[in-house]
Structures are given as structure tokens and as C-alpha cells.
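Text of input-v6.cif, listed as mmCIF, C-alpha atoms and all ligand atoms:
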```cif
data_structure
loop_
_atom_site.label_atom_id
_atom_site.label_comp_id
_atom_site.auth_asym_id
_atom_site.auth_seq_id
_atom_site.Cartn_x
_atom_site.Cartn_y
_atom_site.Cartn_z
CA MET F 1 -17.61 -51.98 -18.89
CA LYS F 2 -18.11 -51.43 -15.21
CA ILE F 3 -21.78 -50.62 -15.68
CA GLY F 4 -22.27 -53.77 -17.71
CA VAL F 5 -20.65 -55.94 -15.03
CA LEU F 6 -22.73 -54.31 -12.31
CA CYS F 7 -25.94 -54.88 -14.23
CA ALA F 8 -25.00 -58.46 -14.93
CA VAL F 9 -24.38 -59.01 -11.23
CA ALA F 10 -27.67 -57.32 -10.43
CA ALA F 11 -29.39 -59.51 -12.99
CA LEU F 12 -27.82 -62.68 -11.59
CA PHE F 13 -28.76 -61.66 -8.08
CA ALA F 14 -32.34 -60.90 -9.06
CA LEU F 15 -32.64 -64.18 -10.96
CA SER F 16 -31.25 -66.24 -8.11
CA ALA F 17 -33.56 -64.42 -5.68
CA CYS F 18 -36.40 -65.27 -8.02
CA ASP F 19 -35.32 -68.91 -8.22
CA ASP F 20 -35.35 -69.17 -4.44
CA ASP F 21 -38.83 -67.79 -4.05
CA ASP F 22 -40.48 -68.58 -7.33
CA ASN F 23 -42.47 -71.57 -6.07
CA ASP F 24 -44.24 -69.96 -3.15
CA ASP F 25 -44.36 -66.29 -4.06
CA PRO F 26 -45.80 -65.47 -7.44
CA GLY F 27 -45.40 -61.74 -6.62
CA ASN F 28 -41.74 -62.14 -7.36
CA ASP F 29 -42.42 -62.69 -11.04
CA ALA F 30 -42.26 -58.95 -11.30
CA GLY F 31 -38.72 -59.16 -9.96
CA LEU F 32 -37.79 -61.56 -12.74
CA VAL F 33 -39.23 -59.25 -15.36
CA ASP F 34 -37.31 -56.35 -13.86
CA ALA F 35 -34.12 -58.34 -14.02
CA GLU F 36 -34.64 -59.13 -17.67
CA VAL F 37 -35.29 -55.51 -18.46
CA LYS F 38 -32.14 -54.48 -16.58
CA ASP F 39 -30.21 -57.08 -18.51
CA GLY F 40 -31.36 -55.51 -21.74
CA GLU F 41 -30.35 -52.05 -20.55
CA ALA F 42 -26.97 -53.41 -19.54
CA ASP F 43 -26.41 -54.60 -23.13
CA ALA F 44 -27.23 -51.14 -24.43
CA GLN F 45 -24.83 -49.54 -21.96
CA GLU F 46 -22.17 -52.14 -22.78
CA ASP F 47 -22.24 -50.77 -26.32
CA SER F 48 -21.92 -47.17 -25.15
CA SER F 49 -18.86 -48.07 -23.06
CA THR F 50 -16.74 -47.88 -26.19
CA VAL F 51 -17.73 -44.20 -26.26
CA ILE F 52 -16.60 -43.77 -22.64
CA GLU F 53 -13.14 -45.03 -23.54
CA LYS F 54 -12.81 -42.40 -26.24
CA ASP F 55 -14.13 -39.59 -24.05
CA GLU F 56 -11.88 -36.57 -24.36
CA THR F 57 -14.22 -34.01 -22.86
CA PRO F 58 -13.50 -33.19 -19.20
CA PRO F 59 -16.34 -32.41 -16.82
CA THR F 60 -17.31 -28.88 -15.87
CA ILE F 61 -17.67 -27.84 -12.27
CA GLU F 62 -18.62 -24.74 -10.30
CA PHE F 63 -19.60 -23.86 -6.77
CA ASP F 64 -23.18 -23.03 -5.91
CA ARG F 65 -22.24 -22.40 -2.29
CA PRO F 66 -20.58 -21.18 -0.26
CA GLY F 67 -20.21 -18.01 -2.28
CA ARG F 68 -16.73 -16.60 -2.61
CA GLY F 69 -15.89 -14.46 0.42
CA GLU F 70 -19.20 -15.29 2.09
CA MET F 71 -19.38 -15.12 5.90
CA MET F 72 -20.57 -18.48 7.21
CA THR F 73 -21.64 -19.49 10.70
CA GLY F 74 -22.35 -22.95 12.09
CA ASP F 75 -22.01 -25.95 9.79
CA VAL F 76 -21.19 -25.00 6.23
CA LYS F 77 -23.41 -26.33 3.45
CA VAL F 78 -21.42 -27.02 0.32
CA LYS F 79 -22.98 -27.49 -3.09
CA VAL F 80 -21.29 -27.82 -6.45
CA ARG F 81 -22.68 -28.25 -9.92
CA ALA F 82 -20.75 -30.79 -11.98
CA GLU F 83 -21.62 -32.01 -15.44
CA ASP F 84 -20.00 -34.20 -18.02
CA ASN F 85 -20.77 -35.22 -21.60
CA VAL F 86 -20.84 -38.89 -20.51
CA GLY F 87 -21.25 -38.84 -16.78
CA VAL F 88 -19.60 -37.53 -13.62
CA ALA F 89 -17.98 -40.43 -11.78
CA ARG F 90 -17.26 -38.54 -8.56
CA VAL F 91 -16.68 -35.14 -7.02
CA VAL F 92 -13.91 -34.79 -4.45
CA LEU F 93 -13.96 -31.91 -1.95
CA GLU F 94 -10.69 -30.82 -0.36
CA SER F 95 -9.41 -28.03 1.83
CA ASP F 96 -5.68 -27.27 1.98
CA GLY F 97 -4.81 -30.83 1.02
CA GLU F 98 -7.28 -32.45 3.42
CA THR F 99 -9.92 -34.57 1.67
CA LEU F 100 -13.28 -33.58 3.08
CA ALA F 101 -15.66 -35.78 1.12
CA THR F 102 -16.08 -37.84 -2.05
CA LEU F 103 -19.51 -37.52 -3.62
CA THR F 104 -20.63 -40.03 -6.24
CA GLU F 105 -24.19 -38.91 -6.91
CA ALA F 106 -25.82 -35.68 -7.91
CA PRO F 107 -26.82 -33.38 -6.37
CA TYR F 108 -23.28 -32.84 -5.14
CA GLU F 109 -24.12 -31.52 -1.71
CA TRP F 110 -22.31 -31.98 1.54
CA THR F 111 -22.29 -30.36 4.97
CA TRP F 112 -18.98 -29.44 6.50
CA GLU F 113 -19.36 -29.84 10.25
CA MET F 114 -16.96 -27.21 11.43
CA GLY F 115 -16.73 -28.45 15.04
CA ASP F 116 -13.78 -26.80 16.75
CA ARG F 117 -12.32 -25.28 13.63
CA ILE F 118 -11.11 -21.75 14.19
CA ASN F 119 -12.85 -18.61 13.08
CA GLY F 120 -11.23 -17.43 9.90
CA PRO F 121 -10.87 -17.97 6.17
CA TYR F 122 -11.28 -21.40 4.56
CA LYS F 123 -10.76 -22.61 1.02
CA ILE F 124 -12.59 -25.48 -0.61
CA LYS F 125 -11.47 -27.11 -3.82
CA ALA F 126 -13.91 -29.35 -5.68
CA THR F 127 -12.73 -31.69 -8.43
CA ALA F 128 -15.09 -33.60 -10.72
CA TYR F 129 -13.84 -36.73 -12.47
CA ASP F 130 -15.49 -38.58 -15.33
CA ALA F 131 -15.14 -42.30 -16.03
CA ALA F 132 -12.28 -41.59 -18.43
CA GLY F 133 -10.31 -40.02 -15.58
CA LEU F 134 -10.64 -36.51 -16.96
CA SER F 135 -11.16 -33.86 -14.32
CA ALA F 136 -11.91 -30.22 -13.67
CA SER F 137 -11.62 -28.20 -10.48
CA ALA F 138 -13.17 -25.13 -8.94
CA GLU F 139 -12.36 -23.27 -5.75
CA THR F 140 -14.20 -21.10 -3.32
CA LYS F 141 -13.15 -19.30 -0.17
CA PHE F 142 -15.33 -18.29 2.73
CA ASN F 143 -14.94 -16.75 6.14
CA TYR F 144 -16.15 -18.82 9.02
CA GLU F 145 -17.42 -17.54 12.33
CA LYS F 146 -18.51 -19.93 15.02
CA THR F 147 -21.93 -19.40 16.55
CA CYS F 148 -21.76 -19.75 20.27
CA SER F 149 -23.25 -18.34 23.43
CA GLU F 150 -20.61 -18.95 26.07
CA ASN F 151 -16.87 -19.38 26.26
CA CYS F 152 -16.88 -18.09 22.70
CA PRO F 153 -13.88 -17.87 20.47
CA PRO F 154 -12.65 -14.42 19.54
CA ARG F 155 -14.49 -12.89 16.65
CA ASN F 156 -14.18 -10.45 13.84
CA ILE F 157 -10.46 -10.14 13.70
CA SER F 158 -9.63 -8.07 10.67
CA PHE F 159 -6.73 -6.12 9.30
CA VAL F 160 -6.71 -2.40 9.96
CA ALA F 161 -3.38 -1.89 8.21
CA PRO F 162 -2.45 -2.45 5.52
CA ALA F 163 -5.62 -2.37 3.43
CA ALA F 164 -6.61 -5.46 1.44
CA ASN F 165 -5.20 -5.50 -2.09
CA SER F 166 -2.79 -2.68 -1.29
CA LYS F 167 0.88 -2.44 -2.16
CA ILE F 168 3.57 -2.74 0.49
CA CYS F 169 6.64 -0.82 -0.61
CA SER F 170 8.37 0.08 2.64
CA THR F 171 8.77 -0.97 6.25
CA MET F 172 5.48 -0.44 8.05
CA ASP F 173 3.49 -1.36 11.11
CA ILE F 174 0.77 -3.91 10.45
CA LEU F 175 -2.23 -4.29 12.67
CA ALA F 176 -5.32 -6.43 12.97
CA GLU F 177 -8.06 -5.71 15.47
CA SER F 178 -10.75 -7.77 17.11
CA LYS F 179 -14.02 -6.42 18.40
CA GLN F 180 -13.40 -8.64 21.38
CA ASN F 181 -10.53 -6.76 22.95
CA GLN F 182 -10.87 -8.45 26.34
CA GLY F 183 -8.91 -11.55 27.07
CA LEU F 184 -6.61 -11.45 24.07
CA LYS F 185 -3.32 -13.22 24.52
CA SER F 186 -1.57 -12.58 21.24
CA ILE F 187 -1.86 -11.76 17.56
CA ALA F 188 0.64 -13.52 15.30
CA TYR F 189 1.29 -12.23 11.81
CA PHE F 190 2.42 -14.12 8.72
CA ALA F 191 3.24 -13.28 5.08
CA ASN F 192 2.81 -16.30 2.78
CA GLY F 193 3.16 -18.46 5.88
CA LYS F 194 6.40 -16.80 7.01
CA ASP F 195 6.35 -15.73 10.65
CA LEU F 196 6.44 -11.94 10.94
CA GLY F 197 6.25 -11.81 14.72
CA LYS F 198 3.70 -11.88 17.47
CA ALA F 199 2.18 -8.98 19.38
CA THR F 200 1.38 -9.87 22.99
CA GLU F 201 -0.03 -6.59 24.27
CA PHE F 202 -1.98 -3.59 23.17
CA PRO F 203 -1.90 -2.16 20.51
CA TRP F 204 -1.18 -5.55 18.96
CA PHE F 205 0.86 -4.46 15.95
CA VAL F 206 4.15 -5.72 14.59
CA THR F 207 6.59 -3.93 12.35
CA LEU F 208 6.94 -5.41 8.90
CA GLU F 209 10.54 -4.98 7.70
CA PHE F 210 10.41 -4.51 3.95
CA ASN F 211 13.85 -6.06 3.32
CA GLN F 212 12.72 -9.31 4.98
CA LEU F 213 9.95 -9.77 2.44
CA THR F 214 9.97 -11.44 -0.95
CA GLU F 215 8.59 -9.25 -3.69
CA GLY F 216 5.43 -10.39 -5.40
CA PRO F 217 1.89 -11.24 -4.38
CA ALA F 218 1.47 -12.20 -0.74
CA VAL F 219 -1.20 -13.33 1.66
CA LEU F 220 -0.99 -11.55 5.01
CA ARG F 221 -2.50 -13.50 7.85
CA ALA F 222 -3.29 -12.34 11.38
CA GLU F 223 -3.98 -15.07 13.88
CA LEU F 224 -5.41 -14.17 17.22
CA THR F 225 -5.24 -16.31 20.36
CA ASP F 226 -7.29 -15.52 23.44
CA VAL F 227 -6.69 -16.42 27.08
CA ASN F 228 -8.65 -19.66 26.58
CA ASP F 229 -6.32 -20.54 23.68
CA LYS F 230 -9.15 -20.12 21.22
CA THR F 231 -8.09 -18.67 17.93
CA ALA F 232 -9.37 -16.66 15.00
CA ALA F 233 -7.69 -15.52 11.82
CA HIS F 234 -8.03 -13.08 8.96
CA GLU F 235 -6.19 -13.00 5.64
CA ILE F 236 -5.78 -10.32 3.01
CA ASP F 237 -4.05 -10.27 -0.35
CA VAL F 238 -1.35 -7.65 -0.86
CA THR F 239 1.48 -7.02 -3.29
CA ILE F 240 5.02 -6.53 -2.07
CA ALA F 241 6.93 -4.39 -4.51
CA LYS F 242 9.52 -1.64 -4.55
CA ASP F 243 8.16 1.69 -5.65
CA ASP F 244 10.12 4.87 -6.28
CA ASP F 245 6.96 6.76 -5.43
CA CYS F 246 6.22 4.72 -2.32
CA ASN F 247 3.53 6.10 -0.05
CA GLU F 248 5.13 5.92 3.40
CA ALA F 249 3.38 5.61 6.73
CA PRO F 250 2.91 8.80 8.72
CA ILE F 251 5.15 9.60 11.66
CA VAL F 252 3.49 10.40 14.95
CA GLU F 253 5.01 11.77 18.11
CA ILE F 254 3.46 12.50 21.48
CA GLY F 255 4.19 16.06 22.58
CA TYR F 256 4.69 17.59 26.07
CA LEU F 257 4.17 14.40 27.97
CA GLU F 258 7.57 12.96 28.77
CA GLU F 259 8.22 9.30 29.46
CA GLY F 260 7.74 8.67 33.20
CA ALA F 261 6.16 12.08 33.85
CA THR F 262 3.70 12.66 36.69
CA VAL F 263 0.47 14.49 35.92
CA SER F 264 -2.54 15.68 37.90
CA GLY F 265 -5.72 17.65 37.39
CA ASN F 266 -6.51 18.79 33.87
CA TYR F 267 -3.77 18.04 31.40
CA TYR F 268 -3.35 18.72 27.70
CA LEU F 269 -2.62 15.65 25.65
CA HIS F 270 -0.99 16.39 22.34
CA ALA F 271 0.56 14.68 19.33
CA ARG F 272 2.25 15.80 16.15
CA ALA F 273 1.77 13.80 13.00
CA PHE F 274 3.58 14.14 9.69
CA ASP F 275 3.00 12.35 6.45
CA ASP F 276 5.05 12.17 3.24
CA ARG F 277 1.97 13.12 1.24
CA ASP F 278 0.38 15.38 3.84
CA GLU F 279 -2.43 12.88 4.14
CA VAL F 280 -2.81 12.29 7.87
CA MET F 281 -6.46 11.26 8.00
CA ARG F 282 -6.78 10.66 11.72
CA VAL F 283 -4.94 10.54 15.01
CA ASP F 284 -6.35 8.37 17.77
CA PHE F 285 -5.42 8.52 21.43
CA TYR F 286 -5.68 5.34 23.52
CA LEU F 287 -5.37 5.35 27.29
CA ASP F 288 -4.61 1.98 28.88
CA GLY F 289 -5.81 0.21 25.76
CA GLN F 290 -9.11 2.05 25.50
CA LEU F 291 -9.91 4.64 22.86
CA LEU F 292 -9.84 8.04 24.54
CA LYS F 293 -10.13 10.46 21.61
CA GLU F 294 -10.37 10.35 17.83
CA MET F 295 -9.11 13.45 16.05
CA LEU F 296 -9.64 13.98 12.34
CA LYS F 297 -7.78 17.26 11.96
CA GLU F 298 -5.03 19.33 13.49
CA PRO F 299 -4.24 20.34 16.11
CA TYR F 300 -4.18 16.89 17.66
CA ARG F 301 -4.57 18.28 21.13
CA PHE F 302 -7.25 18.21 23.79
CA GLU F 303 -7.75 18.78 27.47
CA TRP F 304 -7.98 15.64 29.52
CA ASP F 305 -9.23 15.36 33.09
CA SER F 306 -6.75 13.05 34.80
CA THR F 307 -9.05 12.66 37.82
CA THR F 308 -11.16 10.30 35.65
CA VAL F 309 -8.55 7.60 36.22
CA ALA F 310 -7.01 6.19 39.40
CA ASP F 311 -3.69 7.39 40.69
CA GLY F 312 -0.90 5.16 39.44
CA GLU F 313 0.82 4.07 36.25
CA HIS F 314 -0.93 4.62 32.91
CA THR F 315 -0.05 4.22 29.27
CA LEU F 316 -0.89 6.50 26.39
CA TRP F 317 -0.67 5.23 22.83
CA VAL F 318 -1.26 7.49 19.85
CA ARG F 319 -1.88 6.12 16.39
CA ALA F 320 -1.76 8.10 13.15
CA GLU F 321 -3.22 6.86 9.88
CA ASP F 322 -2.81 8.17 6.34
CA ARG F 323 -5.21 7.98 3.41
CA ASP F 324 -3.92 4.54 2.35
CA HIS F 325 -4.40 3.17 5.90
CA HIS F 326 -0.71 3.19 6.70
CA ILE F 327 -0.31 3.59 10.41
CA SER F 328 2.29 4.38 13.02
CA PHE F 329 2.39 4.62 16.79
CA ASP F 330 3.97 6.47 19.64
CA LYS F 331 3.76 5.61 23.33
CA ARG F 332 4.29 7.18 26.74
CA SER F 333 4.12 5.60 30.15
CA PHE F 334 3.30 8.12 32.84
CA LYS F 335 1.96 8.41 36.35
CA VAL F 336 -1.19 10.06 37.62
CA ASP F 337 -0.91 11.45 41.14
CA GLN F 338 -3.52 13.97 42.22
CA SER F 339 -1.36 15.07 45.14
CA PHE F 340 1.26 16.20 42.64
CA VAL F 341 1.52 19.93 42.14
CA PRO F 342 3.48 20.75 39.00
CA ALA F 343 6.19 23.37 39.44
CA ASP F 344 4.81 25.07 36.37
CA PRO F 345 1.20 23.94 36.03
CA PRO F 346 -0.07 23.82 32.46
CA ALA F 347 -2.87 26.25 33.28
CA GLU F 348 -3.11 27.31 29.67
CA GLU F 349 -3.35 25.32 26.51
CA PRO F 350 0.18 24.89 25.21
CA THR F 351 0.73 26.71 21.94
CA GLU F 352 3.65 24.69 20.63
CA LYS F 353 2.87 23.15 17.26
CA CA W 401 -16.24 -36.62 -20.17
CA CA W 402 1.66 8.44 3.54
#
```
What does this structure look like when you write it as C-alpha cells?
Ligand SMILES: [Ca+2]
Ligand SMILES: [Ca+2]
Amino acid sequence: MKIGVLCAVAALFALSACDDDDNDDPGNDAGLVDAEVKDGEADAQEDSSTVIEKDETPPTIEFDRPGRGEMMTGDVKVKVRAEDNVGVARVVLESDGETLATLTEAPYEWTWEMGDRINGPYKIKATAYDAAGLSASAETKFNYEKTCSENCPPRNISFVAPAANSKICSTMDILAESKQNQGLKSIAYFANGKDLGKATEFPWFVTLEFNQLTEGPAVLRAELTDVNDKTAAHEIDVTIAKDDDCNEAPIVEIGYLEEGATVSGNYYLHARAFDDRDEVMRVDFYLDGQLLKEMLKEPYRFEWDSTTVADGEHTLWVRAEDRDHHISFDKRSFKVDQSFVPADPPAEEPTEK
């Protein structure tokens, strides 16, 4: 019906335009002929409109781009393929309830100008409607990273623990890391949108209490904010479920070095790590937020030259990781003072296990 009305209007318009100019511009005769032809087509389509009203076949739709999970930079080109037995009336693009665009003509292409949107995952839903109001939807999800040369947002935040698509069956530390470790203000963590806490200093983890979680599938989100209040995020899918055979995180403990101790000269740093399945895969030592030593097998012990840092307060963090990327931490704050002479200097490598 609509098409018929439109054509009739077009025909009227063309005829009246022809009437206005007919006397002095013979070239417009062609316009009159066109109008008559359109009128004829309109009649044909008027007949087919009875078919439109009986249409019971919904459109089909799928994303050409962005590809699912694709990493995008800059403005994001979106393209969907939509088809219908009669005709696609429109394609609506949305993201988390926000309507992005309504496209009425093929090819269904649109550019999402990302502007100040944060680095992180985005979903797009595309819905095609036909004239009968039938619809079909498709979704895609991509990761966005802003291209920039100065005052850049943080980048590449990603979960270290737990692993994507893993099962969470006990209380554990969760951690996301950014390659840009300078100028971070905080990392906030969420499970299905529920606030799990915010880490405001190295090593940026929070402890996930199992009994605070709802069992079932969950999306874990880590959202980083830097000192310029720019943000980035990463999401992974996990399953929260009790498990009698739950693989627990390892336990790690810094040895020898007592909280508040003073050290000088060469000093042995040491940690013990235990795991329920004897699967400690690595133990990493971090001094003042910087990786100092990665150790892949026991003993987790090495000689460290304390003269490589300034006298004063320092912090040692040790992180243990098991085969399933469960992690745990231990920490000591201590003092370096090269004028300090230990009563019993650790001249030899300690043998305690
Ligand atoms: Ca249809
Ligand atoms: Ca384990």
C-alpha cells in the first residue's frame, strides 16, 4: 500500500512539474513519460501488496563485520547482510540498549565513530524488519582499542587470572594486567555487573569470595582507570559452580625476609609455594612493582644484590600460579640500608626448604 501511495505521489508531482514547464521546455516530455511508466509500476506493486500482508517469513540477518572477538582500532565499520522474501524495510543497530543507527537501504553499512568511548569490549545487535513487522536479529562483539599518539588511554588490559572460560569453584584472587603499568589509578572488578572491589595499588588484584557469587555463567569485567581518568576494560566468560574436586589456587609464602626487616649487601630472596595438585607452574618476584625474577621451578630462591636499589623502604611481592592460572600473593615491606651490618650475615645460601 505504502509503495503505491508513494508512487502515486511521485506521479502527481512529476505530472504537475510537467504541467508547469510543458509549454516552454519540450525536454520535460521525457519526465511525463517517466511518470506514466512509474504509475504503471505502482499498479503492479499495488497488486503485490496483498502478498506483503500475508508475509509470514521473517528476514535473515548476519554480520559481515566486525568479526566476533575482532580487535578494532579507530572508527568501527559495521556491515550486515539482511535479506527477506519480500523486502527488508529497515535494519536497526543497537549496543547495550542504545540505538546506534537505522538503515533503510542495502548495503547495510554504517561507521561507528567511537570518539571518546573507552578501550574495551563492545556488543552490537542488528535487527532486520520486513514490511510485515517480522524481524530477525544477530549479534557481534568486538574489542576496541583507541589509536592515539599522546595522552593515550590505557591499553591492553586483560585478565591474568582466572582464565577465560574457566570454572570458579572457590575463593580466589583475580587479576587483570595492563601493559601500561605507569600512571594507573585503579582496577575495578565486576561479576555480571556486581561490584567485586577495586584495587588501587600494585599488584592490582582483588579477592573473589566464592560465597558472595551466584552460581551459573558469569561475565567477569576488569575496568582500569589511569591518572588522567581514562579507562579501559576487559571481559571474560567464566562459570561459577561448586565442585567437589575443585582446583584451588596455590599458596605462596615469602621465606626468611621478615616484615619490616633491614637488609644490605647481597641477600637471598626466597618463597615457598604449595598447590593442591602439585601444579605450581611459576613463582614471580616483584620489587616495588617491577618484575625482578621469574622462576619456573623449585627452589624459588635467588641471590639479590640490594645495592641495586636506593636505601629506604621497599616492597617485595611474590606471586605463584598453578596450571589453571589460579594465583596467589604474598608481600613483605622491608628496608634497605647499606650501613646495616647484620648480626648474623647470610653469607651462605640458606638451606631451609
Ligand atoms: Ca518477509
Ligand atoms: Ca591448584
Item to check | Atomic distance CA of Val336 (chain F) - CA of Lys185 (chain F), expressed in Å with one decimal | outcome: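 The value is 26.8 Å.
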Item to check | Who sits within 6 Å of region 103-115 of chain F, all atoms listed in the file, same chain under 4 positions skipped, as a ChimeraX atom specification | outcome: /F:75-80,90-91
Expected file contents, prior selection, C-alpha atoms, as an mmCIF file, keeping the file's coordinate frame:
```cif
data_model
loop_
_atom_site.group_PDB
_atom_site.id
_atom_site.type_symbol
_atom_site.label_atom_id
_atom_site.label_comp_id
_atom_site.auth_asym_id
_atom_site.auth_seq_id
_atom_site.Cartn_x
_atom_site.Cartn_y
_atom_site.Cartn_z
ATOM 1 C CA ASP F 75 -22.010 -25.950 9.790
ATOM 2 C CA VAL F 76 -21.190 -25.000 6.230
ATOM 3 C CA LYS F 77 -23.410 -26.330 3.450
ATOM 4 C CA VAL F 78 -21.420 -27.020 0.320
ATOM 5 C CA LYS F 79 -22.980 -27.490 -3.090
ATOM 6 C CA VAL F 80 -21.290 -27.820 -6.450
ATOM 7 C CA ARG F 90 -17.260 -38.540 -8.560
ATOM 8 C CA VAL F 91 -16.680 -35.140 -7.020
#
```
Checklist entry - Residues at most 6 Å from ligand CA 402 (chain W), using all atoms listed in the file? Could they come as a ChimeraX atom specification? => result /F:247-250,275-277,322
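Residues in contact with ligand CA 401 (chain W) (atom pairs separated by at most 7 Å; only C-alpha atoms and all ligand atoms) are Asp55, Glu56, Thr57, Pro58, Pro59, Asp84, Asn85, Val86, Gly87, Asp130, Ala132 and Leu134 of chain F.
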Atoms to include: C-alpha atoms. Write the selected residues as an mmCIF file, in the frame of the given file.
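The result, written out as result.cif:
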```
data_model
loop_
_atom_site.group_PDB
_atom_site.id
_atom_site.type_symbol
_atom_site.label_atom_id
_atom_site.label_comp_id
_atom_site.auth_asym_id
_atom_site.auth_seq_id
_atom_site.Cartn_x
_atom_site.Cartn_y
_atom_site.Cartn_z
ATOM 1 C CA ASP F 55 -14.130 -39.590 -24.050
ATOM 2 C CA GLU F 56 -11.880 -36.570 -24.360
ATOM 3 C CA THR F 57 -14.220 -34.010 -22.860
ATOM 4 C CA PRO F 58 -13.500 -33.190 -19.200
ATOM 5 C CA PRO F 59 -16.340 -32.410 -16.820
ATOM 6 C CA ASP F 84 -20.000 -34.200 -18.020
ATOM 7 C CA ASN F 85 -20.770 -35.220 -21.600
ATOM 8 C CA VAL F 86 -20.840 -38.890 -20.510
ATOM 9 C CA GLY F 87 -21.250 -38.840 -16.780
ATOM 10 C CA ASP F 130 -15.490 -38.580 -15.330
ATOM 11 C CA ALA F 132 -12.280 -41.590 -18.430
ATOM 12 C CA LEU F 134 -10.640 -36.510 -16.960
#
```
Next on the checklist: Please report the interatomic distance between CA of Lys297 (chain F) and CA of Leu316 (chain F) in Å with one decimal.
Outcome noted: 19.3 Å
Checklist entry - Quick one: of F:Asn165, F:Ser158, F:Thr147, F:Ser306, who's nearest to Asp116 (chain F), counting only C-alpha atoms? => result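 Closest to Asp116 (chain F) of all the choices is F:Thr147.
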Checklist entry - Which residue, F:Val88, F:Met281, F:Ala163, F:Ile61, has the smallest gap to Ala138 (chain F) when you use all atoms listed in the file? => result F:Ile61
Next on the checklist: I'd like to know which of F:Gly289, F:Gly265, F:Pro162, F:Pro121 is closest to Leu208 (chain F), using all atoms listed in the file.
Outcome noted: F:Pro162
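Here CA of Asp96 (chain F) and CA of Lys125 (chain F) stand 8.2 Å from one another.
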Item to check | Neighbour residues at most 10 Å from (-4.2, -2.6, -3.1) (only C-alpha atoms) as a list in words | outcome: Pro162, Ala163, Ala164, Asn165, Ser166, Lys167, Ile168, Ile236, Asp237, Val238, Thr239 and Asp324 of chain F
Those same residues - C-alpha atoms - I'd like them written as a compact mmCIF listing (two decimals), in the frame of the given file.
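What follows is the written file result-v8.txt:
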```txt
# COMPACT_ATOMS: atom_id res chain seq x y z
CA PRO F 162 -2.45 -2.45 5.52
CA ALA F 163 -5.62 -2.37 3.43
CA ALA F 164 -6.61 -5.46 1.44
CA ASN F 165 -5.20 -5.50 -2.09
CA SER F 166 -2.79 -2.68 -1.29
CA LYS F 167 0.88 -2.44 -2.16
CA ILE F 168 3.57 -2.74 0.49
CA ILE F 236 -5.78 -10.32 3.01
CA ASP F 237 -4.05 -10.27 -0.35
CA VAL F 238 -1.35 -7.65 -0.86
CA THR F 239 1.48 -7.02 -3.29
CA ASP F 324 -3.92 4.54 2.35
```
Next on the checklist: Could you check which residues have any atom within 8 Å of (6.4, -1.8, 15.0), counting all atoms listed in the file with coordinates taken straight from the file, and then list them as a PyMOL selection string?
Outcome noted: chain F and resi 172-174+205-208+328-329
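Excluding Leu291 (chain F) and any residue on its chain fewer than 4 positions from it, the residues at most 10 Å away by only C-alpha atoms are F:Asp284, F:Phe285, F:Tyr286, F:Leu287, F:Leu316, F:Trp317, F:Val318.
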Please write out, as lines of an AutoDock Vina configuration file, where the centre of an axis-aligned box around all listed atoms of region 258-264 of chain F lies and how long its edges are, in Å to one decimal, after adding 4 Å on each side.
```
center_x = 2.8
center_y = 12.2
center_z = 33.3
size_x = 18.8
size_y = 15.0
size_z = 17.1
```
Item to check | Asp243 (chain F) surroundings by only C-alpha atoms, 6 Å radius, close-in-sequence under 2 positions cut, as a ChimeraX atom specification | outcome: /F:169,245-246
Checklist entry - For Asp226 (chain F), which of F:Asn192, F:Ser186, F:Asn143, F:Asn211 is the closest residue, counting only C-alpha atoms? => result F:Ser186
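Using only C-alpha atoms for every distance, the candidate list F:Phe142, F:Phe334, F:Tyr256, F:Phe159 yields F:Phe142 as the residue closest to Met72 (chain F).
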Incomplete region 155-168 of chain F filled out to N, CA and C atoms as a PDB file, in the frame of the given file:
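Full text of result35.pdb as output:
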```
ATOM      1  N   ARG F 155     -13.759 -13.098  17.898  1.00  0.00           N
ATOM      2  CA  ARG F 155     -14.490 -12.890  16.650  1.00  0.00           C
ATOM      3  C   ARG F 155     -13.964 -11.694  15.894  1.00  0.00           C
ATOM      4  N   ASN F 156     -14.310 -11.669  14.636  1.00  0.00           N
ATOM      5  CA  ASN F 156     -14.180 -10.450  13.840  1.00  0.00           C
ATOM      6  C   ASN F 156     -12.792  -9.870  13.814  1.00  0.00           C
ATOM      7  N   ILE F 157     -11.789 -10.717  13.872  1.00  0.00           N
ATOM      8  CA  ILE F 157     -10.460 -10.140  13.700  1.00  0.00           C
ATOM      9  C   ILE F 157     -10.339  -9.713  12.252  1.00  0.00           C
ATOM     10  N   SER F 158      -9.825  -8.516  12.047  1.00  0.00           N
ATOM     11  CA  SER F 158      -9.630  -8.070  10.670  1.00  0.00           C
ATOM     12  C   SER F 158      -8.505  -7.061  10.609  1.00  0.00           C
ATOM     13  N   PHE F 159      -7.854  -7.033   9.469  1.00  0.00           N
ATOM     14  CA  PHE F 159      -6.730  -6.120   9.300  1.00  0.00           C
ATOM     15  C   PHE F 159      -7.207  -4.666   9.273  1.00  0.00           C
ATOM     16  N   VAL F 160      -6.511  -3.851  10.029  1.00  0.00           N
ATOM     17  CA  VAL F 160      -6.710  -2.400   9.960  1.00  0.00           C
ATOM     18  C   VAL F 160      -5.686  -1.846   8.975  1.00  0.00           C
ATOM     19  N   ALA F 161      -4.452  -2.350   9.079  1.00  0.00           N
ATOM     20  CA  ALA F 161      -3.380  -1.890   8.210  1.00  0.00           C
ATOM     21  C   ALA F 161      -2.443  -3.050   7.915  1.00  0.00           C
ATOM     22  N   PRO F 162      -2.062  -3.259   6.668  1.00  0.00           N
ATOM     23  CA  PRO F 162      -2.450  -2.450   5.520  1.00  0.00           C
ATOM     24  C   PRO F 162      -3.853  -2.804   5.036  1.00  0.00           C
ATOM     25  N   ALA F 163      -4.313  -2.088   4.021  1.00  0.00           N
ATOM     26  CA  ALA F 163      -5.620  -2.370   3.430  1.00  0.00           C
ATOM     27  C   ALA F 163      -5.497  -3.591   2.515  1.00  0.00           C
ATOM     28  N   ALA F 164      -6.585  -4.322   2.374  1.00  0.00           N
ATOM     29  CA  ALA F 164      -6.610  -5.460   1.440  1.00  0.00           C
ATOM     30  C   ALA F 164      -6.306  -4.965   0.040  1.00  0.00           C
ATOM     31  N   ASN F 165      -5.571  -5.782  -0.698  1.00  0.00           N
ATOM     32  CA  ASN F 165      -5.200  -5.500  -2.090  1.00  0.00           C
ATOM     33  C   ASN F 165      -4.319  -4.267  -2.261  1.00  0.00           C
ATOM     34  N   SER F 166      -3.669  -3.833  -1.170  1.00  0.00           N
ATOM     35  CA  SER F 166      -2.790  -2.680  -1.290  1.00  0.00           C
ATOM     36  C   SER F 166      -1.366  -3.130  -1.587  1.00  0.00           C
ATOM     37  N   LYS F 167      -0.519  -2.147  -1.846  1.00  0.00           N
ATOM     38  CA  LYS F 167       0.880  -2.440  -2.160  1.00  0.00           C
ATOM     39  C   LYS F 167       1.736  -2.102  -0.943  1.00  0.00           C
ATOM     40  N   ILE F 168       2.625  -3.000  -0.605  1.00  0.00           N
ATOM     41  CA  ILE F 168       3.570  -2.740   0.490  1.00  0.00           C
ATOM     42  C   ILE F 168       4.907  -2.435  -0.161  1.00  0.00           C
TER      43      ILE F 168
END
```
